[in-house]
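Let me begin by presenting the structure, written as structure tokens, before commenting on it.
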Amino acid sequence: MSNIHNLTEKEKEIALILKTVIDPEVALNIFDLGLIYEIHYNEEEKSIKVVMTLSTRGCPLGDTIMQNVEVVLEANYPGHKIDIELVWEPVWSPEMLTEEGRQAIEGL
Amino acid sequence: MQAGLSTKNAPSPSVVLPHFVFAALMFLSAAVVLLVAAPQMVLPYHLNPHMLTLTHLMVLGFITTIIFGSLYQLIPVVMEVKLYSELMAKITFWFFGLGLLILVYHFWEAGFGPKQNWLWFEISGTLILTAVILFAINTLKSAFRSDRMDMGNIFVVTGIVYLVLTVSLAILMIINFAHPYIHVSVLDLLKMHLTLGLTGWFLFLVIGVSSKLMPMFLIIHKLPDYLLKYAYFLLNTGIIALATIYYFYPKPWAIMVASLLILVGIFMFLKFNYYAFKHRFRKNLDTGMKLSKAAFLILGFTVVLGVVSVISPDFLSAYQLHIDIAFIMSIIFGFLTALILGQTYKTLPFIVWLQKYSSKVGKQKIPLPQEIYSDRIAKWHMKTYYIAFGFLIVGELASQIWLIRSAAAMFIITAVLYNYNVFKIVFHKEKIIENE
């Protein structure tokens, strides 16, 4: 399993795809928002696993965001097994924003 | 469904959306009533029929209706439970709406003389009380199924209990008018009713809901929740003491001490909000949050009016009644109205957007929730609202009917623009953005 600071080339490619998924409330992509904790790509098993969180428990847009993640990965990796795991530990905090995310939020 | 993922608990939009439409229309009606009834706003007594029409259109028709609709959406999502009964919620809406329309019509027509017929007040009051009891059963049954009873949820649940007490007291007042059975000053009962309604129901609701939504909208974590705990105990003690004192021991010093507890409780809540706004990551606020921020600033101003109203210094005695009315108007047309105007844009577009687009997310290019209403219109009614509120308070304090009429005209413009956006959102037609 690769955490977000230690991705393979293929996982970086997946991270770029996840940047197309927008949190509708903040109007910022979920990668720069820091919601993606881990990305794992297994070439042999043709599987992708994404471990992610939401900015708050009970987020009204939670399953819409997760559905979006699933749809974009299925579209870009047809025939792959997609597994999205939602976790609440560690709890998301604004410190998890990427530098790009921080700039976008502060300038929004 | 994964743990903590609760969007699927949200009720059908047909439960929630009629509340927003009805409330927007009631806001417009209240603005028109204010225009017509401006001369009655400066009369030297509180209990005039037009004032009662106006306040009930606002507190029940506009504010409480929106809160009902929002809670049906929010309780399942935030507390991670299904709404106990969608059918009960729909019945509640019709009972409440019908009861309210009968009530405000008869307030408008009332003379309150010895020959006043109280039958329609008893009928409308019973309809509203039934609706409120159904609402309380529905929301409390839902809430108690949740294992997520934090401070915000406790505030919401307590607020609902205060609503039942407020409306029960109102119906007791009506019955007492029609068939006198207890000898008590109407004014004291009215003060109890106001205390339970404005500080019990509304304030507890606002504190509970905002403690949930603030972290989402402002992007902030680790809020000082201990301030909410202090606020909870201070407000409860103050409200129960004040409501009891009016009936059993209406001495000025006792009223002042109880009022002070409430004011310190509100101060704790304001401090909580100040912290949230100061430490937020999302620096630039959208129109909805600008109005919400204005609401909290107005609440600060309202507290000052409240202090003056309670202390009632001798040199202001000639203005006492105008200060009292300005204080009530500042809560209703100021704090609560600004908050609802703002929070409408933080909730309603998302409810409709989820209904229309959740199945299309990621598959087609779709608009964002913020794009299904006109932000330009929202910005315009934010400005007209500020002018309207300023005119209203100055007009009331200075006892100037032309200023209150000007306020009403600006409130009508505000309400028309607000209605435009509410209808635009509710009746939004699906739109798929073509790739260029």
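Residue names in the structure tokens use chain letters A, B, ... in the order shown, residue numbers from 1 in each chain, and ligand numbers from 1 in the order shown.
All chain A residues having an atom within 6 Å of chain B, based on only C-alpha atoms, amount to Pro24, Arg57, Gly58, Pro60, Thr64, Asn68, Val71, Val72, Ile105, Glu106 and Leu108 of chain A.
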Take the residues from that selection and write them out as a PDB file, in the first residue's frame, keeping C-alpha atoms.
ATOM      1  CA  PRO A  24     -19.074  20.354  -4.784  1.00  0.00           C
ATOM      2  CA  ARG A  57     -18.438  12.759   9.345  1.00  0.00           C
ATOM      3  CA  GLY A  58     -21.990  12.993   8.076  1.00  0.00           C
ATOM      4  CA  PRO A  60     -24.094  15.504   3.050  1.00  0.00           C
ATOM      5  CA  THR A  64     -21.728  11.425  -4.185  1.00  0.00           C
ATOM      6  CA  ASN A  68     -17.537   9.999  -8.476  1.00  0.00           C
ATOM      7  CA  VAL A  71     -16.890   6.210 -11.820  1.00  0.00           C
ATOM      8  CA  VAL A  72     -13.739   8.049 -12.958  1.00  0.00           C
ATOM      9  CA  ILE A 105      -8.890  27.557  -0.446  1.00  0.00           C
ATOM     10  CA  GLU A 106      -7.300  30.748   0.815  1.00  0.00           C
ATOM     11  CA  LEU A 108     -11.460  31.044  -3.028  1.00  0.00           C
TER      12      LEU A 108
END
Practice item. Would you return as a VMD selection string the members of region 49-108 of chain A that DSSP assigns to alpha helix (DSSP H) on this structure's backbone? Key: chain A and resid 62 to 76 99 to 107
Suppose we keep C-alpha atoms; can you now write the selection as a PDB file, in the first residue's frame?
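Printed below is again_22.pdb as written:
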ATOM      1  CA  GLY A  62     -20.191  11.974   1.031  1.00  0.00           C
ATOM      2  CA  ASP A  63     -21.463   9.175  -1.134  1.00  0.00           C
ATOM      3  CA  THR A  64     -21.728  11.425  -4.185  1.00  0.00           C
ATOM      4  CA  ILE A  65     -17.994  12.096  -3.908  1.00  0.00           C
ATOM      5  CA  MET A  66     -17.219   8.399  -3.448  1.00  0.00           C
ATOM      6  CA  GLN A  67     -19.411   7.460  -6.370  1.00  0.00           C
ATOM      7  CA  ASN A  68     -17.537   9.999  -8.476  1.00  0.00           C
ATOM      8  CA  VAL A  69     -14.199   8.402  -7.489  1.00  0.00           C
ATOM      9  CA  GLU A  70     -15.477   4.984  -8.494  1.00  0.00           C
ATOM     10  CA  VAL A  71     -16.890   6.210 -11.820  1.00  0.00           C
ATOM     11  CA  VAL A  72     -13.739   8.049 -12.958  1.00  0.00           C
ATOM     12  CA  LEU A  73     -11.500   5.104 -12.054  1.00  0.00           C
ATOM     13  CA  GLU A  74     -13.762   2.610 -13.855  1.00  0.00           C
ATOM     14  CA  ALA A  75     -13.811   4.872 -16.904  1.00  0.00           C
ATOM     15  CA  ASN A  76     -10.030   5.203 -16.995  1.00  0.00           C
ATOM     16  CA  GLU A  99       0.050  23.351  -1.036  1.00  0.00           C
ATOM     17  CA  GLU A 100      -2.092  23.798  -4.166  1.00  0.00           C
ATOM     18  CA  GLY A 101      -5.204  23.082  -2.116  1.00  0.00           C
ATOM     19  CA  ARG A 102      -4.193  25.573   0.548  1.00  0.00           C
ATOM     20  CA  GLN A 103      -3.628  28.287  -2.026  1.00  0.00           C
ATOM     21  CA  ALA A 104      -6.932  27.527  -3.727  1.00  0.00           C
ATOM     22  CA  ILE A 105      -8.890  27.557  -0.446  1.00  0.00           C
ATOM     23  CA  GLU A 106      -7.300  30.748   0.815  1.00  0.00           C
ATOM     24  CA  GLY A 107      -7.939  32.404  -2.514  1.00  0.00           C
TER      25      GLY A 107
END
Which residues are near Glu44 (chain A)? Cut-off 12 Å, only C-alpha atoms, ignore same chain within fewer than 4 positions. Put them as an mmCIF file with C-alpha atoms, in the first residue's frame.
data_model
loop_
_atom_site.group_PDB
_atom_site.id
_atom_site.type_symbol
_atom_site.label_atom_id
_atom_site.label_comp_id
_atom_site.auth_asym_id
_atom_site.auth_seq_id
_atom_site.Cartn_x
_atom_site.Cartn_y
_atom_site.Cartn_z
ATOM 1 C CA ILE A 48 -6.916 -0.375 -7.638
ATOM 2 C CA HIS A 80 -9.897 -3.337 -13.174
ATOM 3 C CA LYS A 81 -11.288 -4.172 -9.760
#
Residues near Phe177 (chain B), cut-off 12 Å, only C-alpha atoms, skip fewer than 6 positions along chain, as a VMD selection string: chain B and resid 112 to 119 121 to 122 170 to 171 183 to 186 189
Can you pull out the residues contacting Asp375 (chain B)? Cut-off 10 Å, using only C-alpha atoms, and skip same-chain residues under 2 positions away; I want them as an NGL selection string. :B and (286-288 or 345 or 370-373 or 377-381 or 421)
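Excluding His40 (chain A) itself and same-chain residues fewer than 5 positions from it, the residues having an atom within 10 Å of it are Met1, Ser2, Asn3, Ile4, Leu7, Thr8, Lys10, Glu11, Ile14, Ser47, Ile48, Lys49, Val50, Val51 and Asp83 of chain A, counting only C-alpha atoms.
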Enumerate as an mmCIF file with N, CA and C atoms, in the first residue's frame all residues of chain A assigned to strand (DSSP E) by DSSP on the backbone, naming them with the chain letters and numbers the document uses.
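Saved to result_31.cif:
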data_model
loop_
_atom_site.group_PDB
_atom_site.id
_atom_site.type_symbol
_atom_site.label_atom_id
_atom_site.label_comp_id
_atom_site.auth_asym_id
_atom_site.auth_seq_id
_atom_site.Cartn_x
_atom_site.Cartn_y
_atom_site.Cartn_z
ATOM 1 N N SER A 2 0.595 2.207 -0.891
ATOM 2 C CA SER A 2 1.419 3.413 -0.975
ATOM 3 C C SER A 2 0.691 4.585 -0.364
ATOM 4 N N ASN A 3 1.349 5.213 0.645
ATOM 5 C CA ASN A 3 0.683 6.416 1.138
ATOM 6 C C ASN A 3 0.922 7.536 0.138
ATOM 7 N N ILE A 22 -14.339 16.632 -7.902
ATOM 8 C CA ILE A 22 -14.474 17.896 -7.172
ATOM 9 C C ILE A 22 -15.414 17.721 -5.978
ATOM 10 N N ASP A 23 -15.019 18.284 -4.832
ATOM 11 C CA ASP A 23 -15.966 18.388 -3.714
ATOM 12 C C ASP A 23 -16.897 19.552 -4.050
ATOM 13 N N LEU A 28 -13.270 22.305 -4.898
ATOM 14 C CA LEU A 28 -11.839 21.982 -4.985
ATOM 15 C C LEU A 28 -11.728 20.465 -5.141
ATOM 16 N N ASN A 29 -10.684 20.016 -5.867
ATOM 17 C CA ASN A 29 -10.583 18.565 -6.070
ATOM 18 C C ASN A 29 -10.188 17.848 -4.780
ATOM 19 N N ILE A 36 -7.595 11.998 0.077
ATOM 20 C CA ILE A 36 -7.041 10.703 -0.337
ATOM 21 C C ILE A 36 -5.851 10.362 0.558
ATOM 22 N N TYR A 37 -5.962 9.245 1.281
ATOM 23 C CA TYR A 37 -4.890 8.844 2.199
ATOM 24 C C TYR A 37 -3.913 7.862 1.543
ATOM 25 N N GLU A 38 -4.444 6.910 0.769
ATOM 26 C CA GLU A 38 -3.570 5.895 0.160
ATOM 27 C C GLU A 38 -4.096 5.521 -1.219
ATOM 28 N N ILE A 39 -3.155 5.198 -2.118
ATOM 29 C CA ILE A 39 -3.535 4.658 -3.431
ATOM 30 C C ILE A 39 -2.685 3.412 -3.652
ATOM 31 N N HIS A 40 -3.321 2.338 -4.065
ATOM 32 C CA HIS A 40 -2.570 1.116 -4.311
ATOM 33 C C HIS A 40 -2.954 0.549 -5.670
ATOM 34 N N TYR A 41 -1.948 0.340 -6.520
ATOM 35 C CA TYR A 41 -2.205 -0.242 -7.833
ATOM 36 C C TYR A 41 -1.513 -1.599 -7.906
ATOM 37 N N ASN A 42 -2.269 -2.654 -8.226
ATOM 38 C CA ASN A 42 -1.691 -3.992 -8.365
ATOM 39 C C ASN A 42 -1.864 -4.437 -9.817
ATOM 40 N N SER A 47 -6.001 -4.493 -10.032
ATOM 41 C CA SER A 47 -6.886 -3.894 -9.021
ATOM 42 C C SER A 47 -6.343 -2.550 -8.551
ATOM 43 N N ILE A 48 -7.278 -1.689 -8.185
ATOM 44 C CA ILE A 48 -6.916 -0.375 -7.638
ATOM 45 C C ILE A 48 -7.647 -0.220 -6.317
ATOM 46 N N LYS A 49 -6.883 0.149 -5.289
ATOM 47 C CA LYS A 49 -7.534 0.415 -3.998
ATOM 48 C C LYS A 49 -7.225 1.849 -3.583
ATOM 49 N N VAL A 50 -8.285 2.576 -3.207
ATOM 50 C CA VAL A 50 -8.112 3.957 -2.741
ATOM 51 C C VAL A 50 -8.649 4.031 -1.317
ATOM 52 N N VAL A 51 -7.798 4.514 -0.409
ATOM 53 C CA VAL A 51 -8.251 4.734 0.965
ATOM 54 C C VAL A 51 -8.456 6.238 1.132
ATOM 55 N N MET A 52 -9.642 6.604 1.511
ATOM 56 C CA MET A 52 -9.942 8.043 1.586
ATOM 57 C C MET A 52 -10.823 8.372 2.793
ATOM 58 N N LYS A 81 -10.446 -4.117 -10.970
ATOM 59 C CA LYS A 81 -11.288 -4.172 -9.760
ATOM 60 C C LYS A 81 -11.018 -2.885 -8.955
ATOM 61 N N ILE A 82 -12.085 -2.155 -8.697
ATOM 62 C CA ILE A 82 -11.913 -0.879 -7.980
ATOM 63 C C ILE A 82 -12.442 -1.048 -6.558
ATOM 64 N N ASP A 83 -11.600 -0.718 -5.580
ATOM 65 C CA ASP A 83 -12.011 -0.837 -4.180
ATOM 66 C C ASP A 83 -11.767 0.516 -3.491
ATOM 67 N N ILE A 84 -12.836 1.092 -2.978
ATOM 68 C CA ILE A 84 -12.692 2.380 -2.293
ATOM 69 C C ILE A 84 -13.048 2.190 -0.832
ATOM 70 N N GLU A 85 -12.084 2.471 0.020
ATOM 71 C CA GLU A 85 -12.322 2.283 1.461
ATOM 72 C C GLU A 85 -12.418 3.648 2.145
ATOM 73 N N LEU A 86 -13.529 3.837 2.872
ATOM 74 C CA LEU A 86 -13.720 5.094 3.606
ATOM 75 C C LEU A 86 -13.255 4.900 5.040
#
- CA of Met173 (chain B) to CA of Leu205 (chain B), straight-line distance in Å: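 Result for CA of Leu205 (chain B) versus CA of Met173 (chain B): 24.3 Å, one decimal.
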| field | Within 12 Å of region 243-251 of chain B using only C-alpha atoms, minus same-chain residues under 6 positions, as a VMD selection string | value | chain B and resid 162 165 to 166 169 182 to 200 235 to 237 257 to 259 262
